[in-house]
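Here is upload20.csv, consisting of CSV, C-alpha atoms:
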```
chain,number,residue,atom,x,y,z
A,1,MET,CA,-2.9,-7.4,18.7
A,2,LYS,CA,-0.2,-9.1,16.7
A,3,ILE,CA,0.7,-12.5,17.9
A,4,ARG,CA,3.4,-14.8,16.6
A,5,ALA,CA,4.0,-18.2,18.1
A,6,SER,CA,6.6,-20.8,17.2
A,7,VAL,CA,7.6,-24.1,18.7
A,8,LYS,CA,11.1,-25.4,19.1
A,9,ASP,CA,12.3,-28.4,21.1
A,10,GLY,CA,9.0,-28.7,22.9
A,11,VAL,CA,8.9,-25.1,24.0
A,12,THR,CA,6.6,-22.6,22.4
A,13,GLU,CA,7.7,-19.0,22.2
A,14,VAL,CA,4.9,-16.4,22.0
A,15,LYS,CA,5.5,-12.8,20.9
A,16,VAL,CA,2.6,-10.4,21.4
A,17,LEU,CA,2.4,-6.8,20.3
A,18,MET,CA,-0.6,-5.0,21.8
A,19,GLN,CA,-2.0,-1.7,20.6
A,20,HIS,CA,-3.0,0.4,23.6
A,21,GLU,CA,-2.5,4.0,24.8
A,22,MET,CA,-1.5,2.9,28.4
A,23,GLU,CA,-2.3,6.3,30.0
A,24,THR,CA,-0.9,6.4,33.5
A,25,GLY,CA,-3.4,8.9,34.9
A,26,LEU,CA,-0.5,11.0,36.1
A,27,ARG,CA,0.0,13.1,32.9
A,28,LYS,CA,-1.4,16.5,32.4
A,29,ASP,CA,-2.9,17.8,29.1
A,30,LYS,CA,-2.3,21.2,27.6
A,31,ASP,CA,-4.8,22.8,29.9
A,32,GLY,CA,-3.1,21.4,33.0
A,33,LYS,CA,-5.9,18.8,33.6
A,34,LEU,CA,-5.0,15.2,34.4
A,35,VAL,CA,-5.4,12.8,31.6
A,36,PRO,CA,-7.5,10.0,33.1
A,37,ALA,CA,-5.9,6.6,33.5
A,38,TRP,CA,-6.5,4.2,30.7
A,39,HIS,CA,-4.3,1.1,30.6
A,40,ILE,CA,-4.4,-2.6,30.5
A,41,THR,CA,-4.9,-4.2,33.9
A,42,GLU,CA,-4.9,-7.9,33.2
A,43,ILE,CA,-3.7,-10.2,30.5
A,44,LYS,CA,-4.2,-13.9,30.0
A,45,ALA,CA,-2.8,-16.3,27.5
A,46,GLN,CA,-4.3,-19.6,26.7
A,47,HIS,CA,-3.3,-22.7,24.8
A,48,ASN,CA,-5.9,-25.3,24.0
A,49,GLY,CA,-8.2,-23.7,26.6
A,50,LYS,CA,-5.5,-24.0,29.3
A,51,THR,CA,-4.1,-20.8,30.8
A,52,VAL,CA,-0.4,-20.7,30.3
A,53,LEU,CA,0.2,-17.1,31.4
A,54,GLU,CA,-1.7,-14.7,33.6
A,55,GLY,CA,-0.5,-11.3,34.6
A,56,GLN,CA,-1.3,-7.8,35.7
A,57,PHE,CA,-0.2,-4.7,33.9
A,58,GLY,CA,0.1,-1.3,35.6
A,59,THR,CA,1.1,2.2,34.8
A,60,ALA,CA,4.8,1.3,34.4
A,61,VAL,CA,4.1,-0.5,31.2
A,62,SER,CA,4.7,1.4,28.0
A,63,LYS,CA,2.3,2.4,25.2
A,64,ASN,CA,1.8,-0.4,22.7
A,65,PRO,CA,3.3,-3.1,25.0
A,66,TYR,CA,5.4,-5.9,23.6
A,67,LEU,CA,5.5,-9.2,25.5
A,68,VAL,CA,7.4,-12.3,24.9
A,69,PHE,CA,6.9,-15.5,26.9
A,70,HIS,CA,7.6,-19.3,26.7
A,71,PHE,CA,5.6,-22.3,27.8
A,72,LYS,CA,6.2,-26.0,27.6
A,73,GLY,CA,4.3,-27.9,25.0
A,74,GLY,CA,2.4,-26.7,22.0
A,75,ALA,CA,2.5,-28.1,18.4
A,76,PRO,CA,2.4,-26.6,15.0
A,77,GLY,CA,-1.2,-25.8,13.9
A,78,GLU,CA,-2.5,-25.4,17.5
A,79,LYS,CA,-3.9,-22.1,18.7
A,80,VAL,CA,-2.7,-19.7,21.3
A,81,SER,CA,-5.0,-16.9,22.4
A,82,VAL,CA,-4.2,-13.7,24.3
A,83,ASN,CA,-6.8,-11.6,26.1
A,84,TRP,CA,-6.5,-8.3,27.9
A,85,VAL,CA,-8.8,-6.2,30.0
A,86,ASP,CA,-8.3,-2.5,30.6
A,87,THR,CA,-9.3,0.1,33.2
A,88,THR,CA,-12.5,0.9,31.3
A,89,GLY,CA,-13.5,-2.7,31.3
A,90,ASP,CA,-12.9,-3.0,27.6
A,91,THR,CA,-11.5,-6.3,26.5
A,92,ARG,CA,-9.9,-7.8,23.5
A,93,VAL,CA,-9.0,-11.4,22.4
A,94,ASP,CA,-6.8,-12.4,19.5
A,95,GLU,CA,-5.6,-15.8,18.4
A,96,ALA,CA,-2.7,-17.1,16.4
A,97,GLU,CA,-1.6,-20.4,15.1
A,98,ILE,CA,1.6,-22.0,16.4
A,99,LYS,CA,4.2,-22.4,13.6
B,1,MET,CA,14.3,-2.2,57.5
B,2,ASN,CA,16.7,-1.1,60.4
B,3,THR,CA,19.0,1.9,60.0
B,4,SER,CA,22.3,0.0,59.4
B,5,ILE,CA,20.9,-2.2,56.6
B,6,LEU,CA,19.4,0.9,55.1
B,7,LYS,CA,22.7,2.7,55.2
B,8,SER,CA,24.6,-0.1,53.7
B,9,ALA,CA,22.0,-0.4,51.0
B,10,ILE,CA,22.5,3.3,50.2
B,11,ILE,CA,26.2,3.0,50.2
B,12,SER,CA,26.1,0.0,47.8
B,13,PHE,CA,23.6,1.8,45.6
B,14,ALA,CA,25.9,4.8,45.5
B,15,PHE,CA,28.9,2.6,44.7
B,16,ALA,CA,27.0,0.9,41.9
B,17,THR,CA,25.9,4.2,40.5
B,18,TYR,CA,29.6,5.3,40.5
B,19,CYS,CA,30.7,2.2,38.8
B,20,SER,CA,28.0,2.3,36.2
B,21,ALA,CA,28.7,5.9,35.5
B,22,ALA,CA,32.4,5.1,34.9
B,23,MET,CA,31.5,2.2,32.6
B,24,ALA,CA,28.6,3.9,30.9
B,25,ALA,CA,30.5,5.7,28.1
B,26,GLY,CA,31.8,2.4,26.8
B,27,SER,CA,28.9,0.0,27.3
B,28,ALA,CA,25.9,2.3,26.7
B,29,SER,CA,25.9,1.8,23.0
B,30,ASP,CA,26.2,-2.0,23.6
B,31,GLU,CA,23.2,-1.8,25.9
B,32,ILE,CA,21.2,0.2,23.4
B,33,ALA,CA,22.1,-2.4,20.8
B,34,LYS,CA,20.9,-5.1,23.2
B,35,TYR,CA,17.7,-3.2,23.8
B,36,ARG,CA,17.1,-2.9,20.1
B,37,GLU,CA,17.7,-6.6,19.6
B,38,MET,CA,15.1,-7.4,22.3
B,39,ILE,CA,12.4,-5.3,20.9
B,40,SER,CA,13.2,-5.8,17.2
B,41,ASP,CA,10.4,-8.3,16.6
B,42,GLY,CA,7.7,-6.1,18.2
B,43,ASN,CA,7.8,-2.9,16.2
B,44,PRO,CA,4.6,-1.0,16.8
B,45,ALA,CA,5.2,0.6,13.4
B,46,GLU,CA,3.3,-2.4,12.2
B,47,PHE,CA,0.1,-0.8,13.4
B,48,ASP,CA,0.9,2.3,11.4
B,49,GLU,CA,1.7,0.2,8.3
B,50,MET,CA,-1.7,-1.5,8.6
B,51,ARG,CA,-3.5,1.8,9.0
B,52,GLY,CA,-1.5,3.2,6.0
B,53,GLU,CA,-2.5,0.3,3.8
B,54,GLU,CA,-6.1,0.8,4.6
B,55,LEU,CA,-5.8,4.5,3.8
B,56,TRP,CA,-3.9,3.7,0.5
B,57,LYS,CA,-6.8,1.4,-0.6
B,58,LYS,CA,-9.7,3.5,0.7
B,59,ALA,CA,-11.5,5.9,-1.6
B,60,GLY,CA,-10.8,9.4,-0.2
B,61,GLY,CA,-10.7,13.1,-0.8
B,62,PRO,CA,-13.3,15.1,-2.7
B,63,ASN,CA,-12.8,12.9,-5.7
B,64,LYS,CA,-13.6,9.7,-3.7
B,65,VAL,CA,-10.8,7.7,-5.2
B,66,SER,CA,-8.1,5.6,-3.6
B,67,LEU,CA,-4.3,6.1,-4.0
B,68,GLU,CA,-3.9,2.9,-5.9
B,69,LYS,CA,-3.2,4.7,-9.1
B,70,CYS,CA,-0.5,6.8,-7.5
B,71,ASP,CA,2.9,6.7,-9.3
B,72,LEU,CA,5.7,6.6,-6.8
B,73,GLY,CA,8.3,6.2,-9.4
B,74,LYS,CA,7.9,2.6,-10.6
B,75,GLY,CA,4.6,3.1,-12.4
B,76,ALA,CA,1.0,3.8,-11.3
B,77,GLY,CA,0.1,1.7,-8.2
B,78,VAL,CA,3.5,0.1,-7.7
B,79,VAL,CA,4.5,0.2,-4.0
B,80,LYS,CA,7.0,-2.6,-3.7
B,81,GLY,CA,10.6,-1.4,-3.6
B,82,VAL,CA,9.8,2.2,-4.5
B,83,TYR,CA,11.3,3.7,-1.3
B,84,ALA,CA,14.7,2.4,-2.1
B,85,GLU,CA,14.9,4.6,-5.2
B,86,LEU,CA,13.5,7.8,-3.7
B,87,PRO,CA,14.0,10.7,-4.0
B,88,ARG,CA,13.9,10.8,-7.8
B,89,TYR,CA,12.9,13.1,-10.7
B,90,PHE,CA,9.3,13.0,-11.8
B,91,ALA,CA,8.5,14.3,-15.3
B,92,ASP,CA,4.9,15.2,-14.6
B,93,THR,CA,5.8,17.6,-11.8
B,94,ASN,CA,9.2,18.5,-13.3
B,95,ARG,CA,10.6,18.1,-9.8
B,96,VAL,CA,12.8,15.9,-7.7
B,97,GLN,CA,10.5,14.5,-5.1
B,98,ASP,CA,10.8,12.4,-1.9
B,99,LEU,CA,8.1,10.0,-0.8
B,100,GLU,CA,6.2,12.5,1.2
B,101,SER,CA,6.2,15.2,-1.5
B,102,ARG,CA,5.0,12.5,-4.0
B,103,LEU,CA,2.2,11.4,-1.7
B,104,VAL,CA,1.1,15.1,-1.4
B,105,THR,CA,1.1,15.2,-5.3
B,106,CYS,CA,-1.1,12.1,-5.5
B,107,MET,CA,-3.4,13.2,-2.7
B,108,THR,CA,-3.9,16.6,-4.5
B,109,THR,CA,-4.1,15.4,-8.1
B,110,LEU,CA,-5.9,12.1,-7.7
B,111,GLN,CA,-8.0,12.7,-4.7
B,112,GLY,CA,-8.5,16.4,-5.1
B,113,THR,CA,-7.5,17.3,-1.5
B,114,PRO,CA,-6.3,20.9,-1.2
B,115,GLU,CA,-2.5,20.9,-0.6
B,116,LYS,CA,-2.7,23.0,2.6
B,117,ASP,CA,-5.1,20.5,4.2
B,118,ILE,CA,-2.2,18.0,4.0
B,119,THR,CA,0.8,20.2,4.6
B,120,THR,CA,-0.3,22.4,7.5
B,121,LYS,CA,-0.3,19.6,10.1
B,122,PRO,CA,1.6,16.7,8.5
B,123,PHE,CA,3.0,15.2,11.7
B,124,SER,CA,1.2,13.1,14.3
B,125,THR,CA,0.7,14.4,17.8
B,126,ASP,CA,-0.8,12.7,20.8
B,127,ASP,CA,-4.2,14.1,19.9
B,128,SER,CA,-4.2,13.7,16.2
B,129,LYS,CA,-2.8,10.9,14.0
B,130,SER,CA,-1.3,12.0,10.7
B,131,GLU,CA,-2.6,10.2,7.6
B,132,ILE,CA,0.4,10.9,5.6
B,133,GLU,CA,2.7,9.4,8.2
B,134,ALA,CA,0.7,6.2,8.2
B,135,LEU,CA,0.9,6.1,4.4
B,136,VAL,CA,4.7,6.6,4.7
B,137,ALA,CA,4.8,3.6,7.1
B,138,TYR,CA,3.0,1.4,4.7
B,139,VAL,CA,5.0,2.4,1.6
B,140,VAL,CA,8.5,2.1,3.3
B,141,GLY,CA,7.5,-1.2,4.8
B,142,GLN,CA,7.1,-2.5,1.2
B,143,SER,CA,10.8,-1.8,0.5
B,144,LYS,CA,12.2,-3.8,3.4
B,145,GLY,CA,15.1,-5.8,2.2
B,146,VAL,CA,15.4,-3.9,-1.1
B,147,LYS,CA,18.8,-2.5,-2.0
B,148,MET,CA,19.1,1.2,-1.8
B,149,ASN,CA,19.5,2.5,-5.4
B,150,VAL,CA,19.1,6.2,-5.6
B,151,SER,CA,20.0,7.7,-9.0
B,152,ILE,CA,21.6,11.0,-9.7
B,153,SER,CA,21.8,10.6,-13.4
B,154,HIS,CA,19.1,13.1,-14.3
B,155,PRO,CA,20.5,16.7,-14.2
B,156,LYS,CA,17.8,17.7,-11.6
B,157,GLU,CA,18.6,14.8,-9.4
B,158,LYS,CA,22.3,15.7,-9.6
B,159,GLU,CA,21.5,19.3,-8.8
B,160,ALA,CA,19.4,18.3,-5.8
B,161,TYR,CA,22.2,16.0,-4.6
B,162,GLU,CA,24.7,18.8,-4.8
B,163,ILE,CA,22.4,21.3,-3.1
B,164,GLY,CA,21.8,18.8,-0.3
B,165,LYS,CA,25.5,18.2,0.2
B,166,LYS,CA,25.9,22.0,0.6
B,167,ILE,CA,23.0,22.3,3.0
B,168,PHE,CA,24.6,19.5,5.1
B,169,VAL,CA,27.7,21.6,5.8
B,170,TYR,CA,26.0,25.0,5.8
B,171,ARG,CA,26.6,26.7,9.2
B,172,ALA,CA,24.0,29.1,10.6
B,173,GLY,CA,21.7,29.9,13.4
B,174,PRO,CA,22.4,31.1,17.0
B,175,TYR,CA,24.7,28.1,17.6
B,176,ASP,CA,26.5,28.4,14.3
B,177,PHE,CA,25.7,24.7,13.7
B,178,ALA,CA,25.5,22.6,10.5
B,179,CYS,CA,24.3,19.0,10.1
B,180,ASP,CA,28.0,18.3,9.7
B,181,THR,CA,28.9,19.6,13.1
B,182,CYS,CA,27.4,16.5,14.7
B,183,HIS,CA,27.1,14.1,11.7
B,184,GLY,CA,30.4,14.8,10.0
B,185,ARG,CA,33.0,12.9,12.1
B,186,ASP,CA,33.3,9.7,14.0
B,187,ASN,CA,32.4,8.9,17.6
B,188,ILE,CA,30.3,12.0,18.3
B,189,ARG,CA,27.3,11.6,20.5
B,190,ILE,CA,24.4,13.6,22.2
B,191,ARG,CA,24.1,12.2,25.7
B,192,MET,CA,24.2,8.4,25.2
B,193,GLN,CA,23.1,8.5,21.5
B,194,ASP,CA,25.9,7.7,19.0
B,195,LEU,CA,25.5,10.0,16.1
B,196,PRO,CA,26.0,8.6,12.6
B,197,ASN,CA,28.8,10.2,10.5
B,198,PHE,CA,27.4,10.8,7.0
B,199,ASN,CA,30.9,11.0,5.5
B,200,ASN,CA,31.3,7.3,6.4
B,201,ALA,CA,29.3,5.1,4.1
B,202,LYS,CA,28.6,2.4,6.8
B,203,ASP,CA,27.1,5.0,9.2
B,204,ALA,CA,25.1,6.7,6.5
B,205,GLN,CA,23.7,3.4,5.4
B,206,SER,CA,22.7,2.2,8.9
B,207,ALA,CA,21.1,5.6,9.7
B,208,TYR,CA,19.2,6.1,6.5
B,209,THR,CA,17.9,2.6,6.1
B,210,THR,CA,16.4,2.6,9.6
B,211,TRP,CA,14.3,5.7,9.1
B,212,PRO,CA,11.3,6.4,9.0
B,213,ALA,CA,10.8,4.8,12.4
B,214,TYR,CA,8.6,4.3,15.5
B,215,ARG,CA,9.9,6.4,18.4
B,216,VAL,CA,9.4,4.5,21.6
B,217,SER,CA,9.9,7.6,23.8
B,218,GLN,CA,7.1,9.4,21.9
B,219,GLY,CA,4.9,6.4,21.2
B,220,LEU,CA,4.5,7.6,17.6
B,221,PHE,CA,5.6,6.7,14.1
B,222,ARG,CA,7.9,9.4,12.5
B,223,SER,CA,8.5,10.2,8.9
B,224,TYR,CA,11.7,11.3,7.3
B,225,GLN,CA,10.5,14.9,6.9
B,226,TRP,CA,9.8,14.9,10.7
B,227,ARG,CA,13.4,13.6,11.3
B,228,LEU,CA,14.9,16.5,9.3
B,229,ASN,CA,12.6,19.0,11.0
B,230,ASP,CA,13.7,17.8,14.4
B,231,CYS,CA,17.4,18.0,13.5
B,232,LEU,CA,16.9,21.5,12.3
B,233,ARG,CA,15.0,22.4,15.4
B,234,GLN,CA,17.8,21.2,17.5
B,235,GLN,CA,20.2,23.4,15.6
B,236,ARG,CA,17.8,26.3,16.3
B,237,PHE,CA,17.1,26.7,12.5
B,238,PRO,CA,13.8,28.1,11.4
B,239,GLU,CA,11.2,25.4,10.7
B,240,PRO,CA,11.4,24.3,7.1
B,241,LYS,CA,8.4,24.2,4.9
B,242,TYR,CA,6.9,20.7,4.6
B,243,VAL,CA,8.3,18.9,1.5
B,244,SER,CA,10.2,22.0,0.4
B,245,ASP,CA,12.9,21.7,-2.2
B,246,ALA,CA,15.6,22.2,0.5
B,247,THR,CA,14.4,19.3,2.6
B,248,ILE,CA,14.1,17.1,-0.5
B,249,ALA,CA,17.7,18.1,-1.5
B,250,LEU,CA,19.0,17.2,1.9
B,251,THR,CA,17.1,13.9,1.8
B,252,MET,CA,18.6,13.3,-1.7
B,253,PHE,CA,22.1,13.7,-0.4
B,254,MET,CA,21.5,11.4,2.6
B,255,ALA,CA,19.6,8.7,0.6
B,256,ARG,CA,22.3,8.6,-2.0
B,257,SER,CA,24.9,8.2,0.7
B,258,ALA,CA,23.1,5.0,1.7
B,259,ASN,CA,23.3,3.4,-1.7
B,260,GLY,CA,24.2,-0.2,-1.7
B,261,ALA,CA,22.7,-1.2,1.6
B,262,ASP,CA,19.4,-3.1,2.1
B,263,TYR,CA,16.6,-0.9,3.2
B,264,ASP,CA,15.6,-2.0,6.7
B,265,GLY,CA,12.6,0.2,7.8
B,266,PRO,CA,10.3,1.0,9.3
B,267,GLY,CA,12.9,1.3,12.1
B,268,LEU,CA,12.5,1.3,15.9
B,269,LYS,CA,14.2,4.0,17.8
B,270,ARG,CA,14.6,4.7,21.5
```
Please express the file's structure as structure tokens.
Amino acid sequence: MKIRASVKDGVTEVKVLMQHEMETGLRKDKDGKLVPAWHITEIKAQHNGKTVLEGQFGTAVSKNPYLVFHFKGGAPGEKVSVNWVDTTGDTRVDEAEIK
Amino acid sequence: MNTSILKSAIISFAFATYCSAAMAAGSASDEIAKYREMISDGNPAEFDEMRGEELWKKAGGPNKVSLEKCDLGKGAGVVKGVYAELPRYFADTNRVQDLESRLVTCMTTLQGTPEKDITTKPFSTDDSKSEIEALVAYVVGQSKGVKMNVSISHPKEKEAYEIGKKIFVYRAGPYDFACDTCHGRDNIRIRMQDLPNFNNAKDAQSAYTTWPAYRVSQGLFRSYQWRLNDCLRQQRFPEPKYVSDATIALTMFMARSANGADYDGPGLKR
């Protein structure tokens, strides 16, 4: 994941680029067999241990999703972390410093 | 939902569709520009750049060496700004080469990889990620913001440029198309896509400086050779040989037409 966070006028803008295949489970491969679903199901963003964004992703979200959100507060040097869970139970957490 | 509400919903939907179709021709390119603006910070090509950088620095091929000694035109190992001056003439191969052909040279001469291992499947598919396309992503990313400065001072460079210019207007195939058919005049489009006119410096600059690019609709990073291949495919031309002199000549013409603009890749395309 690539995370960029910057604060302006007391509002932090967070931009997250996630690397994920986001297979819908509806697509067929060359042999006509369904490609099994494999996509992010939940995302959670935290600032100083407090959850600032929580969401569910489904099959309508593109491959390599890009997400931008804002939250009140945050100061330069503080950390924002983003975590996702996918259909296989795999999970990933990344962290970035607010600029 | 009861029937009358449903009906009025259908009518208003139909009306909205009619209106948007009427407006579409004018506003579609604005909407595409807006979409590009929205996603411009989140270009997934960054992942390919990262992978390319690893491949560049990793010892590979039968000789187990990295590509860090590769000369892309500004001396062995220099990556910064090289793409803005490619294609160019290389004395060691006595050939005008674009980035991809030069990478093939380095992978064969430095790393000892047989050429056909690189050139038989040079483009990524859903199942297999191309190494050379990742390397392209890394190298072009190192020229972001550098002014395009493609030289045609060497006789071979001049020759490639002139050949490329001819190929650009060469009509052939079942449709009797040339590149110029779609890219030689203003305000031509395929469906909703505005097509750049390469006779117009501004169009040529904005098109050339935003390729290679990540294609959102394919979820893959695409190199310049791929771009040319796909244009030729759409014209129903035979598939060109990877890094052939003809494709390099065409690239030379297009790159030179973009001179003076800041390189802005890797791009992000619909």
Nearest residue to Thr247 (chain B) from the set B:Asp262, B:Asp98, B:Glu157, B:Asp180 (distances using all atoms listed in the file):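 Ranked by minimum distance to Thr247 (chain B), first place goes to B:Asp98.
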Between A:Asn64, A:Thr41, A:Thr12, A:Asn48, which residue has the minimum interatomic distance to Ile39 (chain B), considering all atoms listed in the file? A:Asn64
When you draw a straight line from CA of Ser244 (chain B) to CA of Ile167 (chain B), how long is it in Å?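 Atom-to-atom, CA of Ser244 (chain B) and CA of Ile167 (chain B) are spaced 13.1 Å apart.
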For a test of reading the model, state the distance in Å between CA of Pro76 (chain A) and CA of Gly55 (chain A), rounded to one decimal.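 That distance, rounded to one decimal, is 25.0 Å.
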Quick check: residues of chain A within 12 Å of chain B, only C-alpha atoms, returned as a short mmCIF file (atom, residue, chain, number, x, y, z; two decimals) with C-alpha atoms, in the frame of the given file.
```cif
data_model
loop_
_atom_site.label_atom_id
_atom_site.label_comp_id
_atom_site.auth_asym_id
_atom_site.auth_seq_id
_atom_site.Cartn_x
_atom_site.Cartn_y
_atom_site.Cartn_z
CA MET A 1 -2.90 -7.40 18.70
CA LYS A 2 -0.20 -9.10 16.70
CA ILE A 3 0.70 -12.50 17.90
CA ARG A 4 3.40 -14.80 16.60
CA ALA A 5 4.00 -18.20 18.10
CA VAL A 14 4.90 -16.40 22.00
CA LYS A 15 5.50 -12.80 20.90
CA VAL A 16 2.60 -10.40 21.40
CA LEU A 17 2.40 -6.80 20.30
CA MET A 18 -0.60 -5.00 21.80
CA GLN A 19 -2.00 -1.70 20.60
CA HIS A 20 -3.00 0.40 23.60
CA GLU A 21 -2.50 4.00 24.80
CA MET A 22 -1.50 2.90 28.40
CA GLU A 23 -2.30 6.30 30.00
CA ASP A 29 -2.90 17.80 29.10
CA LYS A 30 -2.30 21.20 27.60
CA VAL A 35 -5.40 12.80 31.60
CA SER A 62 4.70 1.40 28.00
CA LYS A 63 2.30 2.40 25.20
CA ASN A 64 1.80 -0.40 22.70
CA PRO A 65 3.30 -3.10 25.00
CA TYR A 66 5.40 -5.90 23.60
CA LEU A 67 5.50 -9.20 25.50
CA VAL A 68 7.40 -12.30 24.90
#
```
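Put simply, CA of Gly141 (chain B) is 26.9 Å away from CA of Asn63 (chain B).
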Just checking: using only C-alpha atoms, which residue out of A:Leu26, A:Val61, A:Val80, A:Leu53 ends up closest to His39 (chain A)? A:Val61
Exercise: Leu72 (chain B) partners within 12 Å, all atoms listed in the file, chain neighbours under 5 positions left out, as a PyMOL selection string: chain B and resi 67+77-92+96-107+136+139-140
Nearby residues (only C-alpha atoms) at most 6 Å from region 237-239 of chain B, same-chain spacing under 3 positions excluded, as a list in words: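 Selected residues are Gly173, Leu232 and Arg233 of chain B.
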Leu228 (chain B) surroundings by only C-alpha atoms, 12 Å radius, close-in-sequence under 5 positions cut, as an MDAnalysis selection string: chainID B and resid 167:168 179 208 211:212 222:223 233:235 237:244 246:251 254
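For the choices B:Thr181, B:Ser153, B:Ser206, B:Ser130, the atom-to-atom distance to Cys231 (chain B) is smallest for B:Thr181 when using all atoms listed in the file.
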Non-local contacts of Val82 (chain A) (6 Å; all atoms listed in the file; under 6 positions in same chain excluded) as a ChimeraX atom specification: /A:44-45,93-94
Considering all atoms listed in the file, state which residue in the set A:Thr59, A:Ser6, A:Glu42, A:Trp84 is at the smallest distance from Ala96 (chain A).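 Nearest to Ala96 (chain A): A:Ser6.
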